[in-house]
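One file, work-v3.pdb, carrying PDB, C-alpha atoms, pLDDT in the B column:
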MODEL        1
ATOM      1  CA  MET X   2      97.429  74.171  77.042  1.00 56.00           C
ATOM      2  CA  ASN X   3      98.277  73.854  80.730  1.00 78.00           C
ATOM      3  CA  ASP X   4     101.798  72.601  79.968  1.00 84.00           C
ATOM      4  CA  TYR X   5     102.299  75.537  77.593  1.00 85.00           C
ATOM      5  CA  LEU X   6     101.149  78.027  80.262  1.00 86.00           C
ATOM      6  CA  ILE X   7     103.452  76.450  82.823  1.00 89.00           C
ATOM      7  CA  GLU X   8     106.384  76.708  80.410  1.00 90.00           C
ATOM      8  CA  LEU X   9     105.687  80.400  79.781  1.00 90.00           C
ATOM      9  CA  LEU X  10     105.192  81.218  83.464  1.00 90.00           C
ATOM     10  CA  SER X  11     108.450  79.500  84.379  1.00 91.00           C
ATOM     11  CA  MET X  12     110.249  82.142  82.265  1.00 92.00           C
ATOM     12  CA  ALA X  13     108.677  85.047  84.176  1.00 93.00           C
ATOM     13  CA  ALA X  14     110.763  86.666  86.907  1.00 94.00           C
ATOM     14  CA  ALA X  15     107.969  86.073  89.436  1.00 94.00           C
ATOM     15  CA  PHE X  16     108.107  82.298  89.006  1.00 94.00           C
ATOM     16  CA  LYS X  17     111.771  81.510  88.342  1.00 93.00           C
ATOM     17  CA  GLY X  18     112.993  78.701  90.570  1.00 93.00           C
ATOM     18  CA  CYS X  19     109.507  77.966  91.920  1.00 94.00           C
ATOM     19  CA  LYS X  20     108.301  74.459  92.686  1.00 91.00           C
ATOM     20  CA  GLN X  21     106.602  72.626  89.836  1.00 91.00           C
ATOM     21  CA  ASN X  22     103.392  72.161  91.794  1.00 90.00           C
ATOM     22  CA  THR X  23     103.271  75.916  92.454  1.00 91.00           C
ATOM     23  CA  LEU X  24     102.959  76.512  88.715  1.00 91.00           C
ATOM     24  CA  GLU X  25     100.488  73.648  88.372  1.00 88.00           C
ATOM     25  CA  GLU X  26      98.290  75.081  91.118  1.00 86.00           C
ATOM     26  CA  LEU X  27      98.369  78.593  89.644  1.00 86.00           C
ATOM     27  CA  THR X  28      97.275  77.306  86.242  1.00 84.00           C
ATOM     28  CA  ALA X  29      94.609  74.928  87.542  1.00 80.00           C
ATOM     29  CA  SER X  30      91.316  75.605  85.776  1.00 66.00           C
ATOM     30  CA  ALA X  31      89.509  76.562  88.989  1.00 62.00           C
ATOM     31  CA  THR X  32      91.945  79.329  89.927  1.00 69.00           C
ATOM     32  CA  HIS X  33      92.627  81.245  86.723  1.00 79.00           C
ATOM     33  CA  ARG X  34      91.171  82.863  83.614  1.00 87.00           C
ATOM     34  CA  LEU X  35      93.062  83.213  80.332  1.00 90.00           C
ATOM     35  CA  ARG X  36      92.061  86.135  78.131  1.00 93.00           C
ATOM     36  CA  HIS X  37      93.255  87.463  74.778  1.00 95.00           C
ATOM     37  CA  LYS X  38      93.366  91.152  73.866  1.00 97.00           C
ATOM     38  CA  LYS X  39      93.853  92.775  70.470  1.00 97.00           C
ATOM     39  CA  GLU X  40      96.442  95.475  69.764  1.00 96.00           C
ATOM     40  CA  GLY X  41      95.210  98.885  70.948  1.00 95.00           C
ATOM     41  CA  THR X  42      92.719  97.435  73.441  1.00 96.00           C
ATOM     42  CA  HIS X  43      92.540  98.822  76.983  1.00 96.00           C
ATOM     43  CA  ILE X  44      93.381  96.038  79.426  1.00 96.00           C
ATOM     44  CA  ALA X  45      92.764  98.287  82.428  1.00 96.00           C
ATOM     45  CA  HIS X  46      91.943 101.914  83.111  1.00 95.00           C
ATOM     46  CA  MET X  47      93.627 103.918  85.844  1.00 93.00           C
ATOM     47  CA  GLY X  48      91.541 103.504  88.985  1.00 94.00           C
ATOM     48  CA  ASP X  49      90.014 100.160  88.017  1.00 96.00           C
ATOM     49  CA  LYS X  50      89.729  97.727  90.916  1.00 95.00           C
ATOM     50  CA  LEU X  51      92.606  95.238  90.880  1.00 94.00           C
ATOM     51  CA  LYS X  52      90.530  92.175  91.746  1.00 92.00           C
ATOM     52  CA  GLU X  53      93.028  89.506  90.636  1.00 93.00           C
ATOM     53  CA  ALA X  54      96.734  89.128  89.952  1.00 94.00           C
ATOM     54  CA  VAL X  55      97.247  89.836  86.240  1.00 95.00           C
ATOM     55  CA  ILE X  56     100.100  88.212  84.344  1.00 95.00           C
ATOM     56  CA  LEU X  57     100.968  89.233  80.813  1.00 96.00           C
ATOM     57  CA  VAL X  58     101.743  85.819  79.345  1.00 95.00           C
ATOM     58  CA  GLU X  59     102.510  86.848  75.773  1.00 96.00           C
ATOM     59  CA  GLY X  60     102.720  90.146  73.919  1.00 97.00           C
ATOM     60  CA  THR X  61     103.641  93.715  74.820  1.00 97.00           C
ATOM     61  CA  VAL X  62     101.683  96.359  76.710  1.00 97.00           C
ATOM     62  CA  TYR X  63     102.376  99.918  77.760  1.00 95.00           C
ATOM     63  CA  SER X  64     101.174 101.753  80.844  1.00 94.00           C
ATOM     64  CA  SER X  65     100.281 105.418  80.747  1.00 93.00           C
ATOM     65  CA  MET X  66      98.748 108.297  82.661  1.00 90.00           C
ATOM     66  CA  THR X  67      96.497 110.924  81.087  1.00 84.00           C
ATOM     67  CA  ASN X  68      95.594 114.334  82.492  1.00 77.00           C
ATOM     68  CA  PRO X  69      92.174 116.026  82.059  1.00 78.00           C
ATOM     69  CA  ASP X  70      93.454 117.821  78.937  1.00 75.00           C
ATOM     70  CA  GLY X  71      94.272 114.505  77.275  1.00 74.00           C
ATOM     71  CA  LYS X  72      98.053 114.766  77.585  1.00 77.00           C
ATOM     72  CA  GLU X  73      99.474 111.252  77.868  1.00 83.00           C
ATOM     73  CA  ILE X  74     102.757 110.100  79.370  1.00 86.00           C
ATOM     74  CA  VAL X  75     103.970 106.544  78.907  1.00 89.00           C
ATOM     75  CA  VAL X  76     105.164 105.151  82.233  1.00 88.00           C
ATOM     76  CA  ALA X  77     106.552 101.807  81.042  1.00 89.00           C
ATOM     77  CA  THR X  78     106.548  99.322  78.189  1.00 92.00           C
ATOM     78  CA  LEU X  79     106.360  95.679  79.289  1.00 95.00           C
ATOM     79  CA  THR X  80     106.810  92.436  77.356  1.00 96.00           C
ATOM     80  CA  GLY X  81     105.521  89.112  78.644  1.00 94.00           C
ATOM     81  CA  PRO X  82     105.789  86.974  80.557  1.00 95.00           C
ATOM     82  CA  ILE X  83     105.551  89.495  83.391  1.00 95.00           C
ATOM     83  CA  MET X  84     103.220  90.338  86.279  1.00 95.00           C
ATOM     84  CA  LEU X  85     101.335  93.631  85.975  1.00 95.00           C
ATOM     85  CA  ALA X  86     101.108  96.104  88.878  1.00 94.00           C
ATOM     86  CA  PRO X  87     102.604  93.683  91.444  1.00 93.00           C
ATOM     87  CA  ALA X  88     103.031  96.356  94.120  1.00 92.00           C
ATOM     88  CA  PHE X  89      99.279  97.054  94.129  1.00 94.00           C
ATOM     89  CA  ILE X  90      97.870  93.512  94.196  1.00 94.00           C
ATOM     90  CA  PHE X  91      97.758  93.285  97.994  1.00 94.00           C
ATOM     91  CA  ALA X  92      97.436  96.993  98.755  1.00 92.00           C
ATOM     92  CA  LYS X  93      94.564  98.244 100.916  1.00 90.00           C
ATOM     93  CA  ASN X  94      93.629 100.540  98.038  1.00 88.00           C
ATOM     94  CA  SER X  95      94.026  97.883  95.374  1.00 93.00           C
ATOM     95  CA  HIS X  96      93.472  99.736  92.111  1.00 95.00           C
ATOM     96  CA  PHE X  97      95.401 100.042  88.864  1.00 95.00           C
ATOM     97  CA  PRO X  98      97.683 103.093  89.188  1.00 92.00           C
ATOM     98  CA  VAL X  99      97.891 103.547  85.400  1.00 94.00           C
ATOM     99  CA  ASN X 100      96.110 102.750  82.168  1.00 95.00           C
ATOM    100  CA  VAL X 101      97.299  99.497  80.588  1.00 97.00           C
ATOM    101  CA  ILE X 102      97.003  99.233  76.786  1.00 97.00           C
ATOM    102  CA  ALA X 103      97.921  96.358  74.487  1.00 97.00           C
ATOM    103  CA  LYS X 104     100.755  97.453  72.195  1.00 95.00           C
ATOM    104  CA  THR X 105     100.516  94.110  70.381  1.00 97.00           C
ATOM    105  CA  ASP X 106      98.037  91.241  70.539  1.00 97.00           C
ATOM    106  CA  CYS X 107      98.301  89.870  74.081  1.00 96.00           C
ATOM    107  CA  SER X 108      97.415  86.898  76.263  1.00 95.00           C
ATOM    108  CA  LEU X 109      96.742  87.555  79.951  1.00 95.00           C
ATOM    109  CA  LEU X 110      96.372  85.214  82.882  1.00 93.00           C
ATOM    110  CA  TYR X 111      94.140  86.291  85.779  1.00 94.00           C
ATOM    111  CA  ILE X 112      94.797  84.466  89.069  1.00 92.00           C
ATOM    112  CA  HIS X 113      92.807  84.703  92.307  1.00 90.00           C
ATOM    113  CA  LYS X 114      94.687  86.791  94.889  1.00 91.00           C
ATOM    114  CA  SER X 115      94.036  84.185  97.556  1.00 91.00           C
ATOM    115  CA  THR X 116      95.624  81.487  95.390  1.00 90.00           C
ATOM    116  CA  LEU X 117      98.733  83.596  94.825  1.00 92.00           C
ATOM    117  CA  ARG X 118      98.956  84.432  98.540  1.00 93.00           C
ATOM    118  CA  ASP X 119      98.626  80.788  99.570  1.00 92.00           C
ATOM    119  CA  ARG X 120     101.327  79.681  97.112  1.00 92.00           C
ATOM    120  CA  MET X 121     103.666  82.359  98.469  1.00 94.00           C
ATOM    121  CA  LEU X 122     103.286  80.876 101.947  1.00 93.00           C
ATOM    122  CA  TYR X 123     103.961  77.408 100.560  1.00 93.00           C
ATOM    123  CA  ASP X 124     106.808  78.316  98.181  1.00 95.00           C
ATOM    124  CA  PRO X 125     109.381  80.761  99.686  1.00 95.00           C
ATOM    125  CA  GLN X 126     110.999  81.263  96.275  1.00 96.00           C
ATOM    126  CA  LEU X 127     107.780  82.771  94.930  1.00 95.00           C
ATOM    127  CA  MET X 128     107.667  85.125  97.918  1.00 95.00           C
ATOM    128  CA  MET X 129     111.298  86.204  97.412  1.00 96.00           C
ATOM    129  CA  ASN X 130     110.731  86.721  93.680  1.00 96.00           C
ATOM    130  CA  PHE X 131     107.727  88.890  94.450  1.00 95.00           C
ATOM    131  CA  ILE X 132     109.656  91.021  96.959  1.00 96.00           C
ATOM    132  CA  GLU X 133     112.533  91.441  94.501  1.00 96.00           C
ATOM    133  CA  ILE X 134     110.186  92.504  91.694  1.00 95.00           C
ATOM    134  CA  ILE X 135     108.530  95.151  93.865  1.00 94.00           C
ATOM    135  CA  SER X 136     111.942  96.439  94.995  1.00 95.00           C
ATOM    136  CA  ASP X 137     113.190  96.640  91.394  1.00 93.00           C
ATOM    137  CA  ARG X 138     110.037  98.472  90.275  1.00 88.00           C
ATOM    138  CA  CYS X 139     110.425 100.992  93.113  1.00 89.00           C
ATOM    139  CA  GLN X 140     114.028 101.546  92.089  1.00 91.00           C
ATOM    140  CA  HIS X 141     112.991 102.044  88.471  1.00 86.00           C
ATOM    141  CA  LEU X 142     110.293 104.572  89.425  1.00 84.00           C
ATOM    142  CA  SER X 143     112.760 106.423  91.657  1.00 89.00           C
ATOM    143  CA  GLN X 144     115.175 106.723  88.740  1.00 87.00           C
ATOM    144  CA  ARG X 145     112.346 107.814  86.448  1.00 83.00           C
ATOM    145  CA  LEU X 146     111.343 110.532  88.911  1.00 84.00           C
ATOM    146  CA  ASN X 147     114.964 111.671  89.120  1.00 86.00           C
ATOM    147  CA  ASP X 148     115.152 111.947  85.330  1.00 84.00           C
ATOM    148  CA  LEU X 149     111.867 113.872  85.095  1.00 81.00           C
ATOM    149  CA  THR X 150     112.781 116.406  87.779  1.00 85.00           C
ATOM    150  CA  LEU X 151     116.552 116.837  87.570  1.00 89.00           C
ATOM    151  CA  LEU X 152     117.580 116.258  83.958  1.00 90.00           C
ATOM    152  CA  SER X 153     117.034 118.654  81.077  1.00 93.00           C
ATOM    153  CA  LEU X 154     115.117 117.401  78.051  1.00 92.00           C
ATOM    154  CA  ARG X 155     118.367 117.318  76.076  1.00 93.00           C
ATOM    155  CA  GLU X 156     119.993 115.138  78.749  1.00 93.00           C
ATOM    156  CA  ARG X 157     116.965 112.830  78.876  1.00 92.00           C
ATOM    157  CA  VAL X 158     117.052 112.299  75.106  1.00 93.00           C
ATOM    158  CA  ILE X 159     120.770 111.460  75.170  1.00 93.00           C
ATOM    159  CA  LYS X 160     120.223 109.090  78.100  1.00 91.00           C
ATOM    160  CA  TYR X 161     117.366 107.389  76.239  1.00 90.00           C
ATOM    161  CA  LEU X 162     119.564 106.882  73.182  1.00 93.00           C
ATOM    162  CA  SER X 163     122.434 105.562  75.299  1.00 92.00           C
ATOM    163  CA  LYS X 164     120.094 102.961  76.780  1.00 89.00           C
ATOM    164  CA  HIS X 165     117.886 102.039  73.802  1.00 88.00           C
ATOM    165  CA  HIS X 166     120.406 102.810  71.013  1.00 90.00           C
ATOM    166  CA  ARG X 167     117.882 104.408  68.651  1.00 91.00           C
ATOM    167  CA  ILE X 168     114.627 106.341  68.397  1.00 93.00           C
ATOM    168  CA  ASP X 169     112.112 104.516  66.224  1.00 91.00           C
ATOM    169  CA  SER X 170     109.258 106.998  66.592  1.00 90.00           C
ATOM    170  CA  VAL X 171     109.459 110.643  67.654  1.00 92.00           C
ATOM    171  CA  GLU X 172     105.751 110.595  68.517  1.00 90.00           C
ATOM    172  CA  TRP X 173     106.185 107.583  70.806  1.00 89.00           C
ATOM    173  CA  LEU X 174     109.250 109.045  72.508  1.00 91.00           C
ATOM    174  CA  ALA X 175     107.332 112.268  73.176  1.00 90.00           C
ATOM    175  CA  LYS X 176     104.763 110.157  75.057  1.00 87.00           C
ATOM    176  CA  GLU X 177     107.487 108.342  76.989  1.00 87.00           C
ATOM    177  CA  LEU X 178     109.093 111.612  78.025  1.00 87.00           C
ATOM    178  CA  GLY X 179     105.755 113.301  78.723  1.00 83.00           C
ATOM    179  CA  ILE X 180     106.363 116.307  76.478  1.00 86.00           C
ATOM    180  CA  ALA X 181     104.845 117.890  73.390  1.00 86.00           C
ATOM    181  CA  ARG X 182     106.162 116.566  70.105  1.00 89.00           C
ATOM    182  CA  PRO X 183     107.257 120.042  68.832  1.00 91.00           C
ATOM    183  CA  SER X 184     109.429 120.484  71.949  1.00 91.00           C
ATOM    184  CA  LEU X 185     111.106 117.140  71.323  1.00 93.00           C
ATOM    185  CA  SER X 186     111.583 117.916  67.633  1.00 94.00           C
ATOM    186  CA  ARG X 187     113.400 121.140  68.531  1.00 94.00           C
ATOM    187  CA  VAL X 188     115.764 119.296  70.872  1.00 94.00           C
ATOM    188  CA  LEU X 189     116.440 116.626  68.241  1.00 94.00           C
ATOM    189  CA  SER X 190     117.178 119.339  65.679  1.00 93.00           C
ATOM    190  CA  ASP X 191     119.639 121.003  68.092  1.00 93.00           C
ATOM    191  CA  LEU X 192     121.351 117.663  68.817  1.00 93.00           C
ATOM    192  CA  LYS X 193     121.673 116.971  65.098  1.00 92.00           C
ATOM    193  CA  ASN X 194     123.144 120.441  64.460  1.00 92.00           C
ATOM    194  CA  ASP X 195     125.616 119.855  67.298  1.00 92.00           C
ATOM    195  CA  GLY X 196     126.741 116.583  65.701  1.00 91.00           C
ATOM    196  CA  ILE X 197     125.498 114.396  68.558  1.00 92.00           C
ATOM    197  CA  ILE X 198     122.806 112.445  66.696  1.00 91.00           C
ATOM    198  CA  GLU X 199     122.139 111.427  63.120  1.00 91.00           C
ATOM    199  CA  ARG X 200     119.428 109.760  61.097  1.00 89.00           C
ATOM    200  CA  ALA X 201     120.028 106.142  60.171  1.00 87.00           C
ATOM    201  CA  ILE X 202     117.999 103.663  58.138  1.00 84.00           C
ATOM    202  CA  ASP X 203     116.319 102.264  61.256  1.00 83.00           C
ATOM    203  CA  GLY X 204     115.776 105.535  63.162  1.00 89.00           C
ATOM    204  CA  ILE X 205     117.673 108.269  65.013  1.00 92.00           C
ATOM    205  CA  VAL X 206     120.945 107.202  66.671  1.00 91.00           C
ATOM    206  CA  LEU X 207     123.863 108.695  68.540  1.00 90.00           C
ATOM    207  CA  LYS X 208     126.571 109.714  66.101  1.00 85.00           C
ATOM    208  CA  SER X 209     129.680 107.565  66.174  1.00 77.00           C
ATOM    209  CA  ARG X 210     132.697 109.411  67.463  1.00 67.00           C
TER     210      ARG X 210
ENDMDL
END
Show me, as structure tokens, the structure contained in the file I just sent.
Amino acid sequence: MNDYLIELLSMAAAFKGCKQNTLEELTASATHRLRHKKEGTHIAHMGDKLKEAVILVEGTVYSSMTNPDGKEIVVATLTGPIMLAPAFIFAKNSHFPVNVIAKTDCSLLYIHKSTLRDRMLYDPQLMMNFIEIISDRCQHLSQRLNDLTLLSLRERVIKYLSKHHRIDSVEWLAKELGIARPSLSRVLSDLKNDGIIERAIDGIVLKSR
């Protein structure tokens, strides 16, 4: 089991190029917990104390925020192996900034913060990987904020299709864009009437020109 964990972790951005004994130490029985979560299960609620570093070893999760009225916006969809909430692990106010829900059955590795910190001091590659991940996440969130505030809904839908190639679920996309489904349906109808999108067997796609 340990060899399998090490193999999976070595594929995660946080641990690429790290020393072999770094991975061995992180997966030592005294420093980690391995847990399995079923599809639809809450892994963390927004505001929960982030007591350990959490690594999604296998499976897919999504993070979301919900307002008091129950409106939900999907912040990100993540597929393992990947570290969850890396920018908040060593924060003074170390809490989950979002809800984390299993989109599929998942395996998660919980590692003591002190163990991760000590390995960063020992293995500079782990430290550099960690800094790069946080920088990339900040860049992603900056772009997301730009899209939410400066782009029209029509432009956001076209940008989504340009990046992801198709819309599998209108309901899911409404959550990702943080809008009501009827509003999204109206925009999709307008785009179809304008000849920009079309329905295909596997979803909604940009129309070939």
Check your understanding: How many Å separate CA of Ile102 (chain X) from CA of Met128 (chain X)?
Key -> 27.6 Å
Near region 38-56 of chain X, 8 Å: region 82-140 of chain X residue rows, closest pairs, all atoms listed in the file, as a Markdown table:
| residue | atom | partner | partner_atom | distance |
| --- | --- | --- | --- | --- |
| X:Pro82 | CA | X:Ile56 | CA | 6.9 |
| X:Ile83 | CA | X:Ile56 | CA | 5.7 |
| X:Met84 | CA | X:Ile56 | CA | 4.2 |
| X:Leu85 | CA | X:Val55 | CA | 5.6 |
| X:Ala86 | CA | X:Val55 | CA | 7.8 |
| X:Pro87 | CA | X:Ala54 | CA | 7.6 |
| X:Phe89 | CA | X:Leu51 | CA | 7.6 |
| X:Ile90 | CA | X:Ala54 | CA | 6.2 |
| X:Ser95 | CA | X:Leu51 | CA | 5.4 |
| X:His96 | CA | X:Lys50 | CA | 4.4 |
| X:Phe97 | CA | X:Gly48 | CA | 5.2 |
| X:Pro98 | CA | X:Met47 | CA | 5.3 |
| X:Val99 | CA | X:Met47 | CA | 4.3 |
| X:Asn100 | CA | X:His46 | CA | 4.4 |
| X:Val101 | CA | X:Ala45 | CA | 5.0 |
| X:Ile102 | CA | X:His43 | CA | 4.5 |
| X:Ala103 | CA | X:Glu40 | CA | 5.0 |
| X:Lys104 | CA | X:Glu40 | CA | 5.3 |
| X:Thr105 | CA | X:Glu40 | CA | 4.3 |
| X:Asp106 | CA | X:Lys39 | CA | 4.5 |
| X:Cys107 | CA | X:Lys38 | CA | 5.1 |
| X:Ser108 | CA | X:Lys38 | CA | 6.3 |
| X:Leu109 | CA | X:Ile56 | CA | 5.6 |
| X:Leu110 | CA | X:Ile56 | CA | 5.0 |
| X:Tyr111 | CA | X:Val55 | CA | 4.7 |
| X:Ile112 | CA | X:Ala54 | CA | 5.1 |
| X:His113 | CA | X:Glu53 | CA | 5.1 |
| X:Lys114 | CA | X:Glu53 | CA | 5.3 |
| X:Leu117 | CA | X:Ala54 | CA | 7.6 |
Taking the file as shown, find all residues satisfying the PyMOL selection byres ((chain X and resi 157-174) around 9) and write them as a compact mmCIF listing (two decimals) with C-alpha atoms, in the coordinates of the input.
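The resulting file, out_27.txt, is shown below:
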# COMPACT_ATOMS: atom_id res chain seq x y z
CA VAL X 75 103.97 106.54 78.91
CA ASP X 148 115.15 111.95 85.33
CA LEU X 149 111.87 113.87 85.10
CA LEU X 152 117.58 116.26 83.96
CA SER X 153 117.03 118.65 81.08
CA LEU X 154 115.12 117.40 78.05
CA ARG X 155 118.37 117.32 76.08
CA GLU X 156 119.99 115.14 78.75
CA ALA X 175 107.33 112.27 73.18
CA LYS X 176 104.76 110.16 75.06
CA GLU X 177 107.49 108.34 76.99
CA LEU X 178 109.09 111.61 78.03
CA GLY X 179 105.76 113.30 78.72
CA ILE X 180 106.36 116.31 76.48
CA ALA X 181 104.84 117.89 73.39
CA ARG X 182 106.16 116.57 70.10
CA LEU X 185 111.11 117.14 71.32
CA SER X 186 111.58 117.92 67.63
CA VAL X 188 115.76 119.30 70.87
CA LEU X 189 116.44 116.63 68.24
CA LEU X 192 121.35 117.66 68.82
CA ILE X 197 125.50 114.40 68.56
CA ILE X 198 122.81 112.44 66.70
CA ALA X 201 120.03 106.14 60.17
CA ASP X 203 116.32 102.26 61.26
CA GLY X 204 115.78 105.54 63.16
CA ILE X 205 117.67 108.27 65.01
CA VAL X 206 120.94 107.20 66.67
CA LEU X 207 123.86 108.70 68.54
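Going from CA of Leu79 (chain X) over to CA of Ser11 (chain X), you cover 17.1 Å.
Between Asn194 (chain X) and the candidates X:Asn147, X:Leu142, X:Lys208, X:Pro69, the tightest atom-to-atom separation, counting all atoms listed in the file, involves X:Lys208.
Going from CA of Gln140 (chain X) to CA of Leu122 (chain X) covers 25.3 Å.
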Practice item. Tell me, as number ranges by chain, which residues lie within 10 Å of Gln126 (chain X), counting all atoms listed in the file; anything in the same chain fewer than 5 positions away does not count. Key: X: 15-20, 120-121, 131-132
Point to revise | Top pick for closest residue to Ala29 (chain X), considering X:Val58, X:Ile134, X:Leu151, X:Leu6 and counting only C-alpha atoms | key: X:Leu6
Check your understanding: So, counting only C-alpha atoms, which residue among X:Val76, X:Leu24, X:Met129, X:Cys139 is closest to Ala88 (chain X)?
Key -> X:Cys139
Practice item. Could you tell me which residues the PyMOL selection byres ((chain X and resi 3) around 10) returns for this structure, as a ChimeraX atom specification? Key: /X:2,4-9,24-25,28-30
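Nearest residue to Leu27 (chain X) among X:Asp119, X:Ser65, X:Thr80, X:Lys72 is X:Asp119, counting only C-alpha atoms.
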